[in-house]
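A short write-up of the structure that comes next.
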Amino acid sequence: MRILLLSAAVTAPLMAAASAETSTHEGVKEIAVENFIGTVNVETVKGGPVRLDITDGNKTDYPVRIREENGVLAIYSDKDPDETNWHRDLKWRKHHDDAFRIFLEDYPTLTLRIPAGAALDFDSAVMMFTADDTMGAFSLREGYVEGAIGDIASADIAIHGSADLDAGNVAGEFKSAIYGSGDLSAKSAGSLDAEIHGSGDIVLGRVSGPAVIDIHGSGDIRLGDVDGAVALSINGSGDVAAGRVEGGAGVDINGSGDVTLASVNGKTLAHVRGSGDIDIGGGRAEELMVEINGSGDFSFDGVATNPAVYAGGSGSVHIARHEGQIRASGDGDIEISGVDYGDDD
């Protein structure tokens, strides 16, 4: 949502003046924070109104405003952080790892007490952030964040630069995007839709549904077991590792990326263009199709049904065991069930 579209008639400015302001809000289902620099702490309570405490930072000219309409409590400042060039005020050389925390001492602290299940929405926020188990939807767009949140209903997260965010268990979809070198992690998720543009990392435990992964660059993704299908694309040198995959897998590598899966059960497709490697430790790959163009390698130590394999260039394919018909071609190295296959075999 765009907070600035809310009615000005219900706007209440809370001006920074080296003080604290407290307000309570009945019937709020969503808290939306936009165009904000500062620290945000969220505590979850069983029920009741939302309570907001605003404690000013060292700056005396940074107003925080609130609006409430249709069950949404909006908290915002007057300027998009990107327009202030905030990153230029960070003194990394002087303060090292504490630079961001010290920088935020000039800005307000929001302390929110919210009922379980309330949604949290952040847009263009530069913040240190902590929250316990909110059990509601969580979204983060634009901005920069360092912090952690507990268990949530769903996540829609896009982080930029070297931001870092840890989450607990995500009951539904974990939608995540990294632009830069940031890090994201969560204990588990109902499903995954992840993309990395750059060198960022995503670490996630078990995924109880499908996982869709798209890497552009050198980013890395590490998953636990995946109960659904995996659709995976790497353009560059990124790496993906996962536990067992129960819904089949489609893997496409364009470059030098590597994919390691503990096992795969279900329909399996693999395509490598370049020097990327795919290593699957076991399982049963139904209607396995493999295509290697370049110097990439494919290794599968399980059982493949009706494998169709092409290895061009200096690529290689190893399949431990098979059932059904074999189709193998190309001038690369192909070994299926201990038998070597060359071109025209």
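Chain labels A, B, ... are given in the sequence in which chains occur in the structure tokens; within each chain residues are numbered consecutively from 1, and ligands are likewise numbered from 1 in the order shown.
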*For Asp82 of chain A, list every protein, DNA or RNA residue within 10 Å, evaluated using only C-alpha atoms, and leave out those in the same chain fewer than 6 positions away; present the list as number ranges by chain.*
A: 35, 124-126, 142-143
*Fewer than 2 positions away in the same chain doesn't count, so skip those; otherwise give me all residues within 7 Å of Ser208 of chain A, counting only C-alpha atoms, as a list in words.*
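The contact residues come out as Ala189, Gly190, Ser191, Arg206, Val226, Asp227 and Gly228 of chain A.
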*Of the candidates A:His87, A:Arg101, A:Arg65, A:Arg51, which shows the shortest atom-to-atom distance to Thr39 of chain A, using only C-alpha atoms?*
A:Arg101
Please report as a Markdown table every residue of segment 187-271 of chain A lying within 8 Å of segment 286-305 of chain A, along with the nearest atom pair and their distance in Å (one decimal), using only C-alpha atoms.
| residue | atom | partner | partner_atom | distance |
| --- | --- | --- | --- | --- |
| A:Ser256 | CA | A:Gly296 | CA | 8.0 |
| A:Ser263 | CA | A:Gly302 | CA | 7.8 |
| A:Asn265 | CA | A:Glu286 | CA | 7.3 |
| A:Gly266 | CA | A:Glu286 | CA | 5.1 |
| A:Lys267 | CA | A:Glu286 | CA | 4.4 |
| A:Thr268 | CA | A:Leu288 | CA | 5.0 |
| A:Leu269 | CA | A:Met289 | CA | 4.9 |
| A:Ala270 | CA | A:Val290 | CA | 4.8 |
| A:His271 | CA | A:Glu291 | CA | 4.8 |
*asked:* Can you pull out the residues contacting Asp220 of chain A? Cut-off 9 Å, using only C-alpha atoms, and skip same-chain residues under 4 positions away; I want them as a PyMOL selection string.
replied: chain A and resi 196+199-203+215+237-241
*Determine, counting only C-alpha atoms, which protein, DNA and RNA residues have an atom within 7 Å of an atom of Gly27 of chain A; residues of the same chain fewer than 2 positions away are not included. Present the result as a list in words.*
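That gives His25, Lys29, Pro49 and Gly71 of chain A.
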*Contacts of Gly332 of chain A at 7 Å or less, counting only C-alpha atoms, minus same-chain residues fewer than 5 places along, as a list in words?*
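What passes the distance filter is Ala311, Gly312, Gly313, Ser314, Gly315 and Ser316 of chain A.
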_Surrounding residues of Gly150 of chain A excluding itself and chain neighbours under 6 positions, 8 Å, only C-alpha atoms, as a VMD selection string_ = chain A and resid 131 to 134 167 to 169
*One decimal, Å: what's the distance from atom CA of Val207 of chain A over to atom CA of Ile157 of chain A, could you say?*
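According to the coordinates, atom CA of Val207 of chain A and atom CA of Ile157 of chain A are separated by 16.8 Å.
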*Identify which of the residues A:Asp53, A:Glu68, A:Asp106, A:Glu34 lies closest to Asp80 of chain A, counting only C-alpha atoms when measuring atom-to-atom distances.*
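Nearest candidate to Asp80 of chain A out of A:Asp53, A:Glu68, A:Asp106, A:Glu34: A:Glu34.
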*Expected answer as an MDAnalysis selection string: strand (DSSP E or B) residues in segment 7-190 of chain A*: chainID A and resid 11:14 20:25 30:45 50:55 64:69 72:76 109:115 119:131 137:141 144:149 152 154:161 164:180 183:190
*Which residue of A:Leu204, A:Ile336, A:His318, A:Arg244 approaches Ile278 of chain A most closely, using only C-alpha atoms*: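 For Ile278 of chain A, the nearest of the given residues is A:His318.
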_Give me the residues near Asp340 of chain A as a list in words, where near means some atom within 12 Å (using only C-alpha atoms) and where sequence neighbours in that chain fewer than 5 positions away do not count._
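Skipping anything fewer than 5 positions along the chain leaves Ser316, Val317, His318, Ile319, Ala320, Ile326, Ala328, Ser329, Asp331, Gly332, Asp333, Ile334, Glu335 and Asp345 of chain A.
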